[in-house]
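Below is one structure, written out as structure tokens, with a few remarks after it.
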Amino acid sequence: MAKQDYYATLGVERGASAEDMKKAYRKLAMQYHPDRNPGDAKAEAKFKELNEAYDVLKDDQKRAAYDRFGHGAFENGGPGAAGAAGGFGFEGGLGDIFEQMFGAPRRGQERTQTGADLRASVEIDLVEAFAGLKTNVRVATRVSCDNCAGTGSADKNAGADTCGTCGGAGRVRAQQGFFLVERTCPTCGGSGRVVRNPCRVCAGAGTVPREKTLAVQIPAGVEDGTRIRLSGEGEAGGRGAAPGDLYVHVAVRPHAIFQRDGANIFCRVPLRMTQAAMGGEIEVPAIDGTGAKVKIPAGTQTGDQFRLRAKGFSVLRSAQRGDMYIQVAVETPQNLTRRQRELLEEFEKEAKGHATGSPEHEGFFAKVRDFFEGKT
Ligand SMILES: [Zn+2]
Ligand SMILES: [Zn+2]
């Protein structure tokens, strides 16, 4: 029986755009849908023709093969068999060699299309990273189609048929020059199954796109760049297959006063010159929201470090906590008042006769003297 031209079946011109074909297909598919024409064999046949025609024409590769070779492109041994939508023309000796080389796709085995993994990002600050938090992420995903209960079929009990192009293998082989190449079956997208009477809502995919909001528990102590896997929260699988996973990437914003290094926290604290010289007690903040008192001994220098035990981050999967390090920077006073200047002049007079007051300073200039006198 001669088949009608696919373009004629859809009622479009040969050069019709993908959008026009989609419109034409939708309109006719609604008209001839078996749900609307119960018991009408003609309508059913027409509906099948429509699906077959659209299945080919919506796919750029298959459409190109059809434009070149006509229906022959999709028949076994047809010229198109070596092209985009090849049938099984190489079952003989070469096929065996191919199978030895690459492993054979097992025929008849149902392949399912596991849902795609998704990625989402969350940005938190260091205090949130310390305490952990529960937050929501929004992801554009695919969920199981309610209309067909994820089967992809308009008739929930019909399920899917074995794909005619690949015989259920999900892969097709074609000859390119000397080589047999194997590729994903263009008809069934690798699943090995096709839905004859596709669900109107999901067009046979079994899934529909949707924005989803998911609660994510970010564990206390999480580090910048951590990837949290939410098993099964990716896209729904096609026609009842397993869903993918959702990976949440956690970025931790730099903090204004705390720097993290593993479980330890560093905090740079500027001290007034007089505080550093005379010593005293300073109050510093800790990442857990508490304050801590640090005793600064007299004569503290820039770069001196003080450790506060167990004031750092939690060590993951343990009750331990890292430490916090206070790193001191002595600040030279600026914009002196008149009185400050008088006092410092007084201070300087006193300092000149006091060699152990600034040992590094004295030591350095002693070396400078030696240098000019040629001793070193
Ligand atoms: Zn559906
Ligand atoms: Zn197939």
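Ordered as shown in the structure tokens, chains take letters A, B, and onward, while each chain numbers its residues from 1 and ligands are numbered from 1 in the order shown.
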Write out as CSV the residues of chain A that have any atom within 7 Å of an atom of ligand 2, one row each with the nearest atom pair and its distance in Å to one decimal, counting only C-alpha atoms and all ligand atoms, sorted by chain and then rising number.
```
residue,atom,partner,partner_atom_place_in_ligand_line,distance
A:Cys163,CA,ligand 2,1 (Zn),4.5
A:Gly164,CA,ligand 2,1 (Zn),6.3
A:Thr165,CA,ligand 2,1 (Zn),4.9
A:Cys166,CA,ligand 2,1 (Zn),4.1
A:Gly167,CA,ligand 2,1 (Zn),6.3
A:Gly168,CA,ligand 2,1 (Zn),5.7
A:Ala169,CA,ligand 2,1 (Zn),6.6
A:Gly170,CA,ligand 2,1 (Zn),4.7
A:Arg171,CA,ligand 2,1 (Zn),6.5
A:Cys185,CA,ligand 2,1 (Zn),4.6
A:Pro186,CA,ligand 2,1 (Zn),6.5
A:Thr187,CA,ligand 2,1 (Zn),5.0
A:Cys188,CA,ligand 2,1 (Zn),4.1
A:Gly189,CA,ligand 2,1 (Zn),6.4
A:Gly190,CA,ligand 2,1 (Zn),5.9
A:Ser191,CA,ligand 2,1 (Zn),6.6
A:Gly192,CA,ligand 2,1 (Zn),4.4
A:Arg193,CA,ligand 2,1 (Zn),6.3
```
Output C-alpha atoms of each residue in that selection to a file, as a short mmCIF file (atom, residue, chain, number, x, y, z; two decimals), in the first residue's frame.
```
data_model
loop_
_atom_site.label_atom_id
_atom_site.label_comp_id
_atom_site.auth_asym_id
_atom_site.auth_seq_id
_atom_site.Cartn_x
_atom_site.Cartn_y
_atom_site.Cartn_z
CA CYS A 163 10.36 0.59 18.86
CA GLY A 164 10.18 -0.51 15.21
CA THR A 165 13.31 1.33 14.17
CA CYS A 166 15.72 -0.30 16.59
CA GLY A 167 13.73 -3.36 17.55
CA GLY A 168 13.89 -2.33 21.18
CA ALA A 169 17.67 -2.12 21.37
CA GLY A 170 17.67 1.66 21.70
CA ARG A 171 20.66 1.84 19.35
CA CYS A 185 17.97 5.32 17.99
CA PRO A 186 16.42 8.53 16.62
CA THR A 187 12.87 7.17 16.81
CA CYS A 188 12.73 6.22 20.46
CA GLY A 189 15.61 8.35 21.77
CA GLY A 190 17.34 5.25 23.13
CA SER A 191 14.51 3.93 25.25
CA GLY A 192 13.71 1.11 22.84
CA ARG A 193 10.02 1.81 23.30
#
```
Using only C-alpha atoms and all ligand atoms, which residues of the polymer chains come no farther than 8 Å from ligand 1? I'd like the answer as a count of residues only.
22
Cut-off 7 Å: closest range 188-260 of chain A/range 120-135 of chain A atom pairs per residue, using only C-alpha atoms, as a tab-separated table:
```
residue	atom	partner	partner_atom	distance
A:Ala215	CA	A:Thr135	CA	5.7
A:Val216	CA	A:Thr135	CA	5.3
A:Gln217	CA	A:Lys134	CA	4.4
A:Ile218	CA	A:Leu133	CA	5.2
A:Pro219	CA	A:Gly132	CA	4.7
A:Ala220	CA	A:Gly132	CA	3.7
A:Gly221	CA	A:Phe130	CA	4.8
A:Val222	CA	A:Ala129	CA	5.4
A:Tyr247	CA	A:Ala120	CA	6.2
A:Val248	CA	A:Ala120	CA	4.8
A:His249	CA	A:Ser121	CA	4.7
A:Val250	CA	A:Val122	CA	5.0
A:Ala251	CA	A:Glu123	CA	4.7
A:Val252	CA	A:Ile124	CA	5.1
A:Arg253	CA	A:Asp125	CA	4.9
A:Pro254	CA	A:Leu126	CA	6.9
A:His255	CA	A:Leu126	CA	6.1
```
Using only C-alpha atoms, determine which residues lie at most 7 Å from Met273 in chain A, disregarding the query and same-chain residues fewer than 3 positions distant; provide the list as a VMD selection string.
chain A and resid 276 to 277 330 to 332
Output file for the residues above (N, CA, C and O atoms, as a tab-separated table (two decimals), in the first residue's frame):
```tsv
chain	number	residue	atom	x	y	z
A	276	ALA	N	48.73	47.91	72.82
A	276	ALA	CA	49.77	46.92	72.55
A	276	ALA	C	50.95	47.11	73.49
A	276	ALA	O	51.55	46.13	73.96
A	277	ALA	N	51.28	48.36	73.80
A	277	ALA	CA	52.44	48.64	74.65
A	277	ALA	C	52.17	48.30	76.12
A	277	ALA	O	53.01	47.69	76.79
A	330	VAL	N	49.24	46.15	65.16
A	330	VAL	CA	49.34	47.38	65.95
A	330	VAL	C	49.20	48.56	65.01
A	330	VAL	O	49.86	48.65	63.98
A	331	GLU	N	48.29	49.46	65.37
A	331	GLU	CA	48.02	50.59	64.49
A	331	GLU	C	48.74	51.84	64.99
A	331	GLU	O	48.60	52.24	66.15
A	332	THR	N	49.50	52.44	64.11
A	332	THR	CA	50.18	53.70	64.44
A	332	THR	C	49.14	54.81	64.45
A	332	THR	O	48.35	54.91	63.51
```
Among the residues of range 68-312 of chain A, find those DSSP assigns to alpha helix (DSSP H) from the backbone and print them as a ChimeraX atom specification.
/A:68-69,93-102,126-131,273-278
Running DSSP on the backbone, which parts of range 206-281 of chain A land in strand (DSSP E), as a VMD selection string?
chain A and resid 207 to 218 226 to 230 246 to 252 258 to 261 264 to 272 280 to 281
Distance query Glu211 in chain A at most 7 Å, only C-alpha atoms, self and fewer than 5 positions along chain excluded, as a list in words
Arg138, Val139, Ala140 and Thr141 of chain A
Written selection (C-alpha atoms) as a PDB file, in the first residue's frame:
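Output contents, as saved in result-v1.pdb:
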```pdb
ATOM      1  CA  ARG A 138      13.880  26.579  43.056  1.00  0.00           C
ATOM      2  CA  VAL A 139      14.682  24.392  40.103  1.00  0.00           C
ATOM      3  CA  ALA A 140      13.237  24.100  36.628  1.00  0.00           C
ATOM      4  CA  THR A 141      12.675  20.380  36.342  1.00  0.00           C
TER       5      THR A 141
END
```
Take CA of Gln61 in chain A and CA of Gly238 in chain A and report the distance between them in Å, one decimal.
22.3 Å
If we count only C-alpha atoms, what is near Glu52 in chain A at a cut-off of 10 Å, once residues fewer than 5 positions away on the same chain are taken out, given as a ChimeraX atom specification?
/A:6,9,46-47,57,187,196
Write out, as a PDB file, in the first residue's frame, the residues just selected, with N, CA, C and O atoms.
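Done, and the output landed in out.pdb:
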```
ATOM      1  N   TYR A   6       4.365  12.464   3.963  1.00  0.00           N
ATOM      2  CA  TYR A   6       4.268  12.926   5.352  1.00  0.00           C
ATOM      3  C   TYR A   6       3.804  14.376   5.448  1.00  0.00           C
ATOM      4  O   TYR A   6       3.057  14.748   6.352  1.00  0.00           O
ATOM      5  N   THR A   9       0.186  14.425   4.843  1.00  0.00           N
ATOM      6  CA  THR A   9      -0.522  13.906   6.013  1.00  0.00           C
ATOM      7  C   THR A   9      -0.773  15.017   7.025  1.00  0.00           C
ATOM      8  O   THR A   9      -1.846  15.118   7.615  1.00  0.00           O
ATOM      9  N   LYS A  46      -5.797   7.206  10.879  1.00  0.00           N
ATOM     10  CA  LYS A  46      -5.367   8.556  10.528  1.00  0.00           C
ATOM     11  C   LYS A  46      -4.468   9.112  11.648  1.00  0.00           C
ATOM     12  O   LYS A  46      -3.431   9.744  11.387  1.00  0.00           O
ATOM     13  N   PHE A  47      -4.859   8.840  12.880  1.00  0.00           N
ATOM     14  CA  PHE A  47      -4.097   9.321  14.034  1.00  0.00           C
ATOM     15  C   PHE A  47      -2.695   8.704  14.043  1.00  0.00           C
ATOM     16  O   PHE A  47      -1.699   9.378  14.289  1.00  0.00           O
ATOM     17  N   LEU A  57       9.118  14.258  10.801  1.00  0.00           N
ATOM     18  CA  LEU A  57       9.343  15.636  10.352  1.00  0.00           C
ATOM     19  C   LEU A  57       9.793  16.572  11.472  1.00  0.00           C
ATOM     20  O   LEU A  57      10.426  17.595  11.217  1.00  0.00           O
ATOM     21  N   THR A 187      14.327   7.285  16.670  1.00  0.00           N
ATOM     22  CA  THR A 187      12.871   7.175  16.811  1.00  0.00           C
ATOM     23  C   THR A 187      12.451   7.169  18.279  1.00  0.00           C
ATOM     24  O   THR A 187      11.537   7.872  18.679  1.00  0.00           O
ATOM     25  N   ARG A 196       2.436   4.437  20.999  1.00  0.00           N
ATOM     26  CA  ARG A 196       1.656   4.543  19.764  1.00  0.00           C
ATOM     27  C   ARG A 196       0.592   5.630  19.893  1.00  0.00           C
ATOM     28  O   ARG A 196       0.255   6.299  18.936  1.00  0.00           O
TER      29      ARG A 196
END
```
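Residue neighbourhood of range 361-373 of chain A, excluding near-sequence residues (fewer than 5 positions): A:Ala351, A:Lys352, A:Gly353, A:His354, A:Ala355, A:Thr356, at 12 Å, using only C-alpha atoms.
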